[in-house]
$ cat protein-v5.cif   # mmCIF, C-alpha atoms
data_model
loop_
_atom_site.label_atom_id
_atom_site.label_comp_id
_atom_site.auth_asym_id
_atom_site.auth_seq_id
_atom_site.Cartn_x
_atom_site.Cartn_y
_atom_site.Cartn_z
CA MET T 1 -44.65 189.09 60.97
CA ALA T 2 -45.88 191.81 63.35
CA PRO T 3 -49.17 190.73 64.98
CA ASP T 4 -50.47 194.19 64.18
CA ARG T 5 -50.19 193.41 60.45
CA LEU T 6 -52.58 190.45 60.65
CA GLU T 7 -54.93 192.46 62.91
CA ARG T 8 -55.12 195.21 60.29
CA GLN T 9 -55.78 192.73 57.50
CA ILE T 10 -58.55 191.04 59.48
CA ARG T 11 -60.05 194.41 60.43
CA PHE T 12 -60.35 195.27 56.72
CA ILE T 13 -61.80 191.85 55.89
CA LEU T 14 -64.47 192.30 58.58
CA GLU T 15 -65.19 195.87 57.48
CA ILE T 16 -65.91 194.93 53.86
CA ASP T 17 -68.49 192.35 54.98
CA ALA T 18 -70.85 195.34 54.73
CA LEU T 19 -70.65 195.15 50.91
CA LYS T 20 -73.14 192.27 51.27
CA GLY T 21 -75.68 194.86 52.40
CA VAL T 22 -75.15 197.32 49.51
CA LEU T 23 -78.02 196.74 47.10
CA ARG T 24 -77.84 197.29 43.35
CA ARG T 25 -80.71 198.07 40.98
CA SER T 26 -80.44 194.71 39.25
CA TYR T 27 -82.18 191.58 40.53
CA VAL T 28 -80.85 188.09 41.10
CA LEU T 29 -82.05 185.94 38.22
CA ASP T 30 -84.83 184.23 40.16
CA GLY T 31 -86.25 187.75 40.60
CA ARG T 32 -86.78 187.40 44.36
CA ARG T 33 -84.59 190.26 45.54
CA PRO T 34 -82.14 192.92 44.38
CA GLU T 35 -78.57 191.78 43.98
CA ASN T 36 -75.90 193.04 46.39
CA SER T 37 -72.46 194.31 45.43
CA ALA T 38 -70.54 191.47 47.13
CA GLU T 39 -72.23 188.68 45.19
CA HIS T 40 -72.04 190.80 42.03
CA SER T 41 -68.27 191.10 42.55
CA TRP T 42 -67.98 187.32 42.78
CA HIS T 43 -70.06 186.88 39.64
CA VAL T 44 -68.02 189.29 37.48
CA ALA T 45 -64.76 187.79 38.80
CA VAL T 46 -65.85 184.32 37.63
CA MET T 47 -66.85 185.94 34.33
CA ALA T 48 -63.31 187.28 33.95
CA VAL T 49 -61.86 183.79 34.41
CA LEU T 50 -64.13 182.43 31.66
CA LEU T 51 -64.30 185.28 29.14
CA ALA T 52 -60.73 186.63 29.09
CA GLU T 53 -60.24 185.16 25.62
CA HIS T 54 -62.78 187.69 24.27
CA ALA T 55 -60.76 190.76 25.34
CA ASN T 56 -59.60 193.00 22.48
CA GLU T 57 -56.01 192.82 23.70
CA PRO T 58 -54.30 190.05 25.67
CA VAL T 59 -54.97 190.68 29.38
CA ASP T 60 -53.43 189.48 32.64
CA THR T 61 -56.50 187.57 33.80
CA ALA T 62 -55.35 187.36 37.42
CA ARG T 63 -55.09 191.16 37.49
CA VAL T 64 -58.57 191.56 35.97
CA VAL T 65 -59.92 189.19 38.63
CA ARG T 66 -58.25 191.10 41.50
CA MET T 67 -59.52 194.38 40.07
CA LEU T 68 -63.08 193.10 39.93
CA LEU T 69 -62.86 191.68 43.46
CA VAL T 70 -62.07 195.18 44.79
CA HIS T 71 -63.83 197.43 42.24
CA ASP T 72 -66.94 198.00 44.39
CA ILE T 73 -65.39 197.98 47.88
CA VAL T 74 -65.69 201.78 48.19
CA GLU T 75 -69.48 201.28 48.11
CA VAL T 76 -69.23 200.09 51.73
CA ASP T 77 -69.12 203.81 52.61
CA ALA T 78 -70.25 205.47 49.36
CA GLY T 79 -73.20 203.26 48.40
CA ASP T 80 -74.05 202.05 44.91
CA THR T 81 -74.64 204.72 42.28
CA TYR T 82 -77.06 203.61 39.57
CA VAL T 83 -75.32 203.81 36.19
CA TYR T 84 -78.20 205.84 34.75
CA ASP T 85 -78.25 208.29 37.69
CA THR T 86 -76.28 211.24 36.26
CA THR T 87 -77.00 213.53 39.26
CA GLY T 88 -75.64 210.91 41.65
CA ALA T 89 -72.63 210.46 39.40
CA GLN T 90 -71.49 214.05 40.06
CA ALA T 91 -71.11 213.52 43.81
CA LYS T 92 -70.00 209.91 43.33
CA SER T 93 -66.35 210.62 42.71
CA GLU T 94 -65.93 212.69 45.90
CA ARG T 95 -67.79 210.16 48.06
CA GLU T 96 -65.78 207.28 46.66
CA THR T 97 -62.45 209.02 47.17
CA ARG T 98 -63.28 209.58 50.86
CA ALA T 99 -64.38 205.95 51.12
CA ALA T 100 -61.14 204.75 49.54
CA ASP T 101 -59.10 206.86 51.98
CA ARG T 102 -60.84 205.32 54.96
CA LEU T 103 -61.23 201.71 53.81
CA PHE T 104 -57.88 201.08 52.13
CA GLY T 105 -56.33 203.05 55.01
CA LEU T 106 -57.33 200.23 57.37
CA LEU T 107 -54.82 197.89 55.69
CA PRO T 108 -51.06 197.68 56.18
CA LYS T 109 -49.61 200.50 54.03
CA ASP T 110 -48.22 198.33 51.21
CA GLN T 111 -51.50 196.46 50.75
CA GLY T 112 -53.62 199.59 51.10
CA ARG T 113 -51.60 201.18 48.30
CA GLU T 114 -51.88 198.04 46.14
CA LEU T 115 -55.67 197.72 46.44
CA ARG T 116 -56.21 201.43 45.99
CA ALA T 117 -54.06 201.39 42.86
CA LEU T 118 -56.18 198.54 41.48
CA TRP T 119 -59.38 200.47 42.17
CA GLU T 120 -57.97 203.64 40.57
CA GLU T 121 -56.79 201.65 37.55
CA PHE T 122 -60.33 200.32 37.15
CA GLU T 123 -61.87 203.79 37.48
CA GLU T 124 -59.43 205.42 35.05
CA GLY T 125 -59.78 202.70 32.42
CA ARG T 126 -56.41 203.32 30.82
CA THR T 127 -55.06 199.76 30.79
CA ALA T 128 -56.25 196.78 28.76
CA GLU T 129 -57.12 195.04 32.06
CA ALA T 130 -59.23 197.97 33.28
CA ARG T 131 -61.07 198.29 29.97
CA PHE T 132 -61.85 194.57 29.91
CA ALA T 133 -62.93 194.57 33.57
CA ALA T 134 -65.25 197.51 32.85
CA ALA T 135 -66.70 195.67 29.84
CA LEU T 136 -67.62 192.72 32.09
CA ASP T 137 -69.05 195.05 34.72
CA ARG T 138 -71.29 196.54 31.99
CA LEU T 139 -72.23 193.21 30.40
CA MET T 140 -73.48 191.69 33.65
CA PRO T 141 -76.46 194.07 34.19
CA VAL T 142 -77.43 193.65 30.53
CA LEU T 143 -77.53 189.88 31.07
CA HIS T 144 -79.51 190.30 34.27
CA ASN T 145 -82.03 192.59 32.62
CA VAL T 146 -82.44 190.44 29.53
CA HIS T 147 -83.04 187.36 31.67
CA THR T 148 -85.55 189.05 34.00
CA ALA T 149 -87.68 190.42 31.11
CA GLY T 150 -86.07 193.87 31.46
CA ARG T 151 -87.26 194.31 35.03
CA SER T 152 -84.76 196.89 36.25
CA TRP T 153 -84.87 198.80 32.94
CA ARG T 154 -88.66 198.97 33.09
CA GLU T 155 -88.77 199.96 36.76
CA HIS T 156 -86.47 202.91 36.09
CA GLY T 157 -87.91 203.90 32.71
CA ILE T 158 -84.65 203.20 30.91
CA THR T 159 -84.89 203.12 27.11
CA ALA T 160 -82.77 201.32 24.52
CA ASP T 161 -81.00 204.50 23.35
CA ARG T 162 -79.72 205.05 26.89
CA VAL T 163 -78.73 201.41 27.32
CA ILE T 164 -76.75 201.59 24.08
CA ALA T 165 -75.19 204.98 24.93
CA ARG T 166 -74.17 203.76 28.38
CA ASN T 167 -72.84 200.41 27.29
CA SER T 168 -71.24 201.01 23.91
CA ARG T 169 -67.89 201.62 25.66
CA MET T 170 -67.96 197.88 26.32
CA SER T 171 -66.43 197.69 22.82
CA GLU T 172 -63.23 199.33 24.14
CA GLY T 173 -62.64 196.24 26.27
CA SER T 174 -64.22 193.64 24.02
CA GLU T 175 -65.72 194.08 20.56
CA ALA T 176 -66.97 190.49 20.73
CA LEU T 177 -68.88 190.99 23.98
CA TRP T 178 -70.33 194.31 22.82
CA LYS T 179 -71.56 192.68 19.61
CA TYR T 180 -73.18 189.98 21.73
CA ALA T 181 -74.69 192.50 24.17
CA ARG T 182 -75.99 194.58 21.27
CA SER T 183 -77.85 191.54 19.92
CA LEU T 184 -79.38 190.94 23.37
CA ILE T 185 -80.49 194.59 23.60
CA ASP T 186 -82.11 194.39 20.14
CA GLY T 187 -83.82 191.17 21.22
CA ALA T 188 -85.14 192.83 24.40
CA VAL T 189 -86.66 195.64 22.29
CA ALA T 190 -88.19 193.09 19.90
CA HIS T 191 -89.73 191.22 22.88
CA GLY T 192 -91.13 194.43 24.38
CA HIS T 193 -88.90 194.20 27.49
CA LEU T 194 -87.11 197.44 26.66
CA ALA T 195 -88.73 200.57 25.18
CA PRO T 196 -86.87 201.74 22.06
CA SER T 197 -86.56 205.42 23.18
CA ARG T 198 -88.34 208.02 25.28
CA THR T 199 -89.69 209.89 22.23
CA ARG T 200 -90.71 206.85 20.24
CA GLY T 201 -91.48 204.51 23.21
CA MET C 202 -64.30 182.05 17.88
CA ALA C 203 -67.36 179.82 17.39
CA PRO C 204 -70.51 181.67 18.55
CA ASP C 205 -71.48 178.46 20.33
CA ARG C 206 -68.45 178.84 22.61
CA LEU C 207 -69.58 182.23 23.95
CA GLU C 208 -73.16 180.93 24.29
CA ARG C 209 -71.95 178.05 26.46
CA GLN C 210 -69.86 180.36 28.61
CA ILE C 211 -72.81 182.73 29.13
CA ARG C 212 -75.14 179.81 29.86
CA PHE C 213 -72.83 178.72 32.68
CA ILE C 214 -72.51 182.28 34.01
CA LEU C 215 -76.31 182.59 34.14
CA GLU C 216 -76.70 179.16 35.73
CA ILE C 217 -74.35 179.91 38.64
CA ASP C 218 -76.36 183.03 39.53
CA ALA C 219 -78.34 180.56 41.67
CA LEU C 220 -75.40 180.37 44.10
CA LYS C 221 -76.72 183.72 45.42
CA GLY C 222 -79.73 181.79 46.72
CA VAL C 223 -77.77 179.03 48.52
CA LEU C 224 -77.80 179.95 52.21
CA ARG C 225 -75.08 179.07 54.68
CA ARG C 226 -75.40 178.66 58.46
CA SER C 227 -73.29 181.74 59.15
CA TYR C 228 -74.75 185.24 59.26
CA VAL C 229 -73.59 188.44 57.60
CA LEU C 230 -71.87 190.53 60.26
CA ASP C 231 -74.77 192.92 60.80
CA GLY C 232 -76.71 189.80 61.83
CA ARG C 233 -79.72 190.57 59.62
CA ARG C 234 -79.69 187.45 57.48
CA PRO C 235 -77.77 184.27 56.71
CA GLU C 236 -74.92 184.65 54.30
CA ASN C 237 -75.15 183.10 50.83
CA SER C 238 -72.44 181.08 49.10
CA ALA C 239 -71.84 183.62 46.30
CA GLU C 240 -71.00 186.52 48.60
CA HIS C 241 -69.01 184.13 50.81
CA SER C 242 -66.96 183.13 47.75
CA TRP C 243 -66.17 186.79 47.06
CA HIS C 244 -65.18 187.35 50.66
CA VAL C 245 -62.75 184.41 50.87
CA ALA C 246 -61.27 185.34 47.47
CA VAL C 247 -60.45 188.84 48.77
CA MET C 248 -59.04 187.17 51.89
CA ALA C 249 -56.69 185.12 49.70
CA VAL C 250 -55.37 188.30 48.03
CA LEU C 251 -54.60 189.82 51.44
CA LEU C 252 -53.46 186.86 53.53
CA ALA C 253 -51.34 184.83 51.09
CA GLU C 254 -48.21 185.88 53.00
CA HIS C 255 -49.40 183.79 55.98
CA ALA C 256 -49.46 180.48 54.04
CA ASN C 257 -47.07 177.82 55.35
CA GLU C 258 -45.56 177.38 51.90
CA PRO C 259 -45.28 179.92 49.07
CA VAL C 260 -48.53 179.76 47.07
CA ASP C 261 -49.65 180.91 43.63
CA THR C 262 -52.14 183.48 44.89
CA ALA C 263 -53.98 183.77 41.57
CA ARG C 264 -54.60 180.01 41.66
CA VAL C 265 -55.88 180.18 45.25
CA VAL C 266 -58.24 183.00 44.21
CA ARG C 267 -59.57 181.05 41.20
CA MET C 268 -60.03 177.98 43.39
CA LEU C 269 -62.03 179.92 45.96
CA LEU C 270 -64.16 181.57 43.26
CA VAL C 271 -65.29 178.12 42.07
CA HIS C 272 -65.05 176.05 45.29
CA ASP C 273 -68.77 176.30 46.12
CA ILE C 274 -70.28 176.31 42.62
CA VAL C 275 -71.45 172.69 42.96
CA GLU C 276 -73.80 173.92 45.70
CA VAL C 277 -76.03 175.35 42.95
CA ASP C 278 -77.32 171.77 42.61
CA ALA C 279 -76.04 170.09 45.78
CA GLY C 280 -76.85 172.77 48.39
CA ASP C 281 -74.64 173.81 51.28
CA THR C 282 -73.65 171.09 53.76
CA TYR C 283 -73.06 172.41 57.27
CA VAL C 284 -69.51 171.60 58.34
CA TYR C 285 -70.77 170.05 61.58
CA ASP C 286 -73.40 167.92 59.81
CA THR C 287 -71.65 164.54 59.62
CA THR C 288 -74.74 162.72 58.29
CA GLY C 289 -75.06 165.19 55.44
CA ALA C 290 -71.36 164.83 54.74
CA GLN C 291 -71.81 161.17 53.77
CA ALA C 292 -74.18 161.94 50.91
CA LYS C 293 -72.39 165.22 50.12
CA SER C 294 -69.68 163.74 47.95
CA GLU C 295 -72.13 161.91 45.65
CA ARG C 296 -74.42 164.93 45.31
CA GLU C 297 -71.52 167.22 44.55
CA THR C 298 -70.03 164.90 41.93
CA ARG C 299 -73.36 164.83 40.07
CA ALA C 300 -73.55 168.61 40.37
CA ALA C 301 -70.02 169.00 39.00
CA ASP C 302 -70.88 166.75 36.03
CA ARG C 303 -73.87 168.85 35.11
CA LEU C 304 -72.58 172.35 35.87
CA PHE C 305 -69.03 172.15 34.53
CA GLY C 306 -70.48 170.18 31.61
CA LEU C 307 -72.28 173.33 30.47
CA LEU C 308 -68.95 174.97 29.61
CA PRO C 309 -66.77 174.47 26.52
CA LYS C 310 -64.84 171.26 27.19
CA ASP C 311 -61.44 172.85 27.94
CA GLN C 312 -62.91 175.28 30.46
CA GLY C 313 -65.18 172.69 32.04
CA ARG C 314 -62.15 170.48 32.61
CA GLU C 315 -60.12 173.40 34.02
CA LEU C 316 -62.78 174.50 36.53
CA ARG C 317 -63.54 170.95 37.56
CA ALA C 318 -59.85 170.30 38.14
CA LEU C 319 -59.68 173.39 40.36
CA TRP C 320 -62.67 172.19 42.38
CA GLU C 321 -61.21 168.69 42.72
CA GLU C 322 -57.87 170.12 43.76
CA PHE C 323 -59.63 172.10 46.49
CA GLU C 324 -61.58 169.06 47.68
CA GLU C 325 -58.54 166.77 47.71
CA GLY C 326 -56.31 169.25 49.53
CA ARG C 327 -53.04 167.83 48.23
CA THR C 328 -51.43 171.04 46.95
CA ALA C 329 -50.17 174.02 48.94
CA GLU C 330 -52.78 176.17 47.18
CA ALA C 331 -55.63 173.83 48.12
CA ARG C 332 -54.52 173.60 51.75
CA PHE C 333 -54.25 177.37 52.04
CA ALA C 334 -57.62 177.91 50.32
CA ALA C 335 -59.22 175.43 52.75
CA ALA C 336 -57.61 177.26 55.70
CA LEU C 337 -59.26 180.52 54.57
CA ASP C 338 -62.58 178.74 54.02
CA ARG C 339 -62.36 177.51 57.62
CA LEU C 340 -61.18 180.80 59.11
CA MET C 341 -64.07 182.80 57.67
CA PRO C 342 -66.89 181.12 59.67
CA VAL C 343 -64.78 181.42 62.85
CA LEU C 344 -64.48 185.17 62.22
CA HIS C 345 -68.20 185.42 61.50
CA ASN C 346 -69.12 183.54 64.66
CA VAL C 347 -66.72 185.45 66.87
CA HIS C 348 -68.06 188.77 65.59
CA THR C 349 -71.73 187.81 65.97
CA ALA C 350 -71.29 186.65 69.60
CA GLY C 351 -71.18 183.00 68.49
CA ARG C 352 -74.64 183.12 66.96
CA SER C 353 -74.40 180.21 64.54
CA TRP C 354 -72.44 178.06 67.04
CA ARG C 355 -75.08 178.68 69.72
CA GLU C 356 -78.02 178.05 67.37
CA HIS C 357 -76.61 174.66 66.43
CA GLY C 358 -75.30 173.69 69.89
CA ILE C 359 -71.70 173.55 68.66
CA THR C 360 -69.08 173.35 71.44
CA ALA C 361 -65.44 174.46 71.51
CA ASP C 362 -64.05 170.93 71.29
CA ARG C 363 -65.91 170.43 67.99
CA VAL C 364 -64.84 173.82 66.66
CA ILE C 365 -61.23 172.96 67.45
CA ALA C 366 -61.47 169.43 66.04
CA ARG C 367 -63.08 170.71 62.83
CA ASN C 368 -60.74 173.63 62.31
CA SER C 369 -57.34 172.44 63.51
CA ARG C 370 -56.55 171.33 59.94
CA MET C 371 -56.31 175.05 59.22
CA SER C 372 -52.74 174.64 60.48
CA GLU C 373 -51.91 172.51 57.40
CA GLY C 374 -52.45 175.59 55.25
CA SER C 375 -51.34 178.25 57.71
CA GLU C 376 -49.92 177.83 61.20
CA ALA C 377 -50.16 181.60 61.67
CA LEU C 378 -53.87 181.74 60.88
CA TRP C 379 -54.65 178.69 63.01
CA LYS C 380 -52.81 180.26 65.95
CA TYR C 381 -54.88 183.41 65.45
CA ALA C 382 -58.14 181.44 65.10
CA ARG C 383 -57.30 179.43 68.21
CA SER C 384 -56.94 182.65 70.22
CA LEU C 385 -60.34 183.82 68.91
CA ILE C 386 -61.95 180.50 69.88
CA ASP C 387 -60.47 180.72 73.40
CA GLY C 388 -61.74 184.30 73.63
CA ALA C 389 -65.24 183.21 72.57
CA VAL C 390 -65.28 180.59 75.34
CA ALA C 391 -64.05 183.19 77.88
CA HIS C 392 -66.84 185.57 76.79
CA GLY C 393 -69.50 182.85 77.06
CA HIS C 394 -70.23 182.90 73.30
CA LEU C 395 -69.10 179.30 72.85
CA ALA C 396 -69.71 176.45 75.31
CA PRO C 397 -66.46 174.65 76.21
CA SER C 398 -67.79 171.11 75.55
CA ARG C 399 -71.01 169.10 75.64
CA THR C 400 -70.11 167.32 78.87
CA ARG C 401 -68.73 170.33 80.70
CA GLY C 402 -70.91 173.03 79.03
#
$ encode --input "protein-v5.cif" --output "C-alpha cells"
Amino acid sequence: MAPDRLERQIRFILEIDALKGVLRRSYVLDGRRPENSAEHSWHVAVMAVLLAEHANEPVDTARVVRMLLVHDIVEVDAGDTYVYDTTGAQAKSERETRAADRLFGLLPKDQGRELRALWEEFEEGRTAEARFAAALDRLMPVLHNVHTAGRSWREHGITADRVIARNSRMSEGSEALWKYARSLIDGAVAHGHLAPSRTRG
Amino acid sequence: MAPDRLERQIRFILEIDALKGVLRRSYVLDGRRPENSAEHSWHVAVMAVLLAEHANEPVDTARVVRMLLVHDIVEVDAGDTYVYDTTGAQAKSERETRAADRLFGLLPKDQGRELRALWEEFEEGRTAEARFAAALDRLMPVLHNVHTAGRSWREHGITADRVIARNSRMSEGSEALWKYARSLIDGAVAHGHLAPSRTRG
C-alpha cells in the first residue's frame, strides 16, 4: 500500500470531524441543545440496522447503513439546510455539489468515487435502499419533535399540513413507518404540540 | 408485523439518544468541546468503511460497521470509562453488563440478542472483525490528541509509555495502522505535546 493512500484516508477522516459542529434544527431528546449532523448520522444508521424489516422492498441493509453514514458529509462545507426552508433549498444543490467535489476529492480516487456515488444515490432516491434511507432520515425528526413536545416545529411555526406534505414521501420507502409517523403527527396535533394548519391554527 | 414489535424498536431508538450526552475525554478537533460517544461512534464507523483494507486479516466490513455503531451503547447507563482509568475499569464490566441487560432488553428478543452478541464480540476481541474494530477505536483518540496538540493527554498527565502500552494491541487488528499511530506518537513526543514518561518527563 502506498503511504500516500493512508494519508489521504486519514486526511478525509480528520476533515469530516467538522460534521460534529454542524447544527440541525432538531434538539437532542433531553432538550438541552440542538443536535449535530454527526450524531444524527449515527442515530439513523442504528435505525437502519433495526428497522430494515419495515422497508417496502427487501433492502441491502449494509448499503443503507453506509449511505446514511455519508449522507450528510457534504454539510461540512455546505451547512445544514432546514427541510422546511424552500429558499435555502434552491441554493442547496449547488453548494452541496461543490462540497462533494472538495470533500470526496480528498480521498483516494476509488474511494472518493464510491462515497460520492452513495451520496448521489441517496439524493436521487431511485433505488430501494435510497428510498428507505430517506424514509428513516424523515422519520427521525418526527420522533424528535414528538418527544420534545413539538419544540422545533413550534419554534419555526411549522404546521401539520406542512409536516404531512414534507414527510408523506416516507411511504415510498416504508408504508409501515409512514403509517406510524402519521399516527404520531395526529397525536401531536391532538396534544396541541403541532398547529393543524396556518389558516386554521 | 405485530405493532408491539415496532413500538419496542422505536423505544430503544429513543432511549439511545442519551448517548449524545455521554462525554468522552477527547475533544472535537476544533477544540471547542469534549466529544460525545454518539458522534464518536459515527466517526469510527466511517473509518471502518474507509480503512478496512488495512486490517491484518480480511474482514466483513459491514459487520465491523455494525459492531462500531453499537459498541458504546451500554454507556447510556454505564457512562464512559477513560481508557487510562484502571480503577474505573474494574467496576466497568459489571456496570456495562447491567446496562446491556436493560438496554438490549428493550428490543424484540431476536434483535436484542443480535445487538448484544455484537457488543460482546467487540468486548471479547476474539474475531478478526472485533480486533479490527478495536484497532479503529484506539486509533481515533490518538488522531484526536495528535491534532489538538496532545490536549487530552496533557490534561490527564498521560505519558508516551502509557499511550504505547495501551495502544500497542492495535497491531492485533492492523499492523499498518499501529505503525502509523506509532509514528504519530513519536512525532507528538518530538513536538513536546506528549511527555516521554513519568520518570523522564
$ closest_residue --input "protein-v5.cif" --among "T:Ala18, T:Leu107, T:Ala91, T:Val44" --to "Arg233 (chain C)" --atoms "all atoms listed in the file"
T:Ala18
$ residues_near_point --input "protein-v5.cif" --point "(-70.6, 173.2, 58.4)" --cutoff "12 Å" --atoms "all atoms listed in the file" --output "list in words"
Leu224, Arg225, Arg226, Ser227, Gly280, Asp281, Thr282, Tyr283, Val284, Tyr285, Asp286, Thr287, Thr288, Gly289, Ala290, Lys293, Asp338, Arg339, Met341, Pro342, Val343, Ser353, Trp354, His357, Ile359, Arg363, Val364, Arg367 and Asn368 of chain C
$ interface_residues --input "protein-v5.cif" --of "chain C" --to "chain T" --cutoff "6 Å" --atoms "only C-alpha atoms" --output "list in words"
Ala239, Glu240, Trp243 and Ala263 of chain C
$ axis_aligned_box --input "protein-v5.cif" --around "region 87-104 of chain T" --padding-each-side "4 Å" --output "lines of an AutoDock Vina configuration file"
center_x = -67.4
center_y = 207.6
center_z = 47.1
size_x = 27.1
size_y = 21.0
size_z = 23.7
$ atom_distance --input "protein-v5.cif" --atom1 "CA of Leu269 (chain C)" --atom2 "CA of Glu324 (chain C)"
11.0 Å
$ atom_distance --input "protein-v5.cif" --atom1 "CA of Asp60 (chain T)" --atom2 "CA of Arg131 (chain T)"
12.0 Å
$ residues_around --input "protein-v5.cif" --residues "Gly173 (chain T)" --least-positions-apart "3" --cutoff "6 Å" --atoms "only C-alpha atoms" --output "ChimeraX atom specification"
/T:55-56,131-132,135,170
$ resolve_selection --input "protein-v5.cif" --expression "the PyMOL selection byres ((chain T and resi 184-195) around 10)" --output "number ranges by chain"
T: 142-143, 145-154, 157-161, 163-164, 178-183, 196-201
$ atom_distance --input "protein-v5.cif" --atom1 "CA of Asp273 (chain C)" --atom2 "CA of Val64 (chain T)"
21.0 Å
$ closest_residue --input "protein-v5.cif" --among "T:Lys109, T:Arg102, T:Arg116, T:Arg126" --to "Val76 (chain T)" --atoms "all atoms listed in the file"
T:Arg102
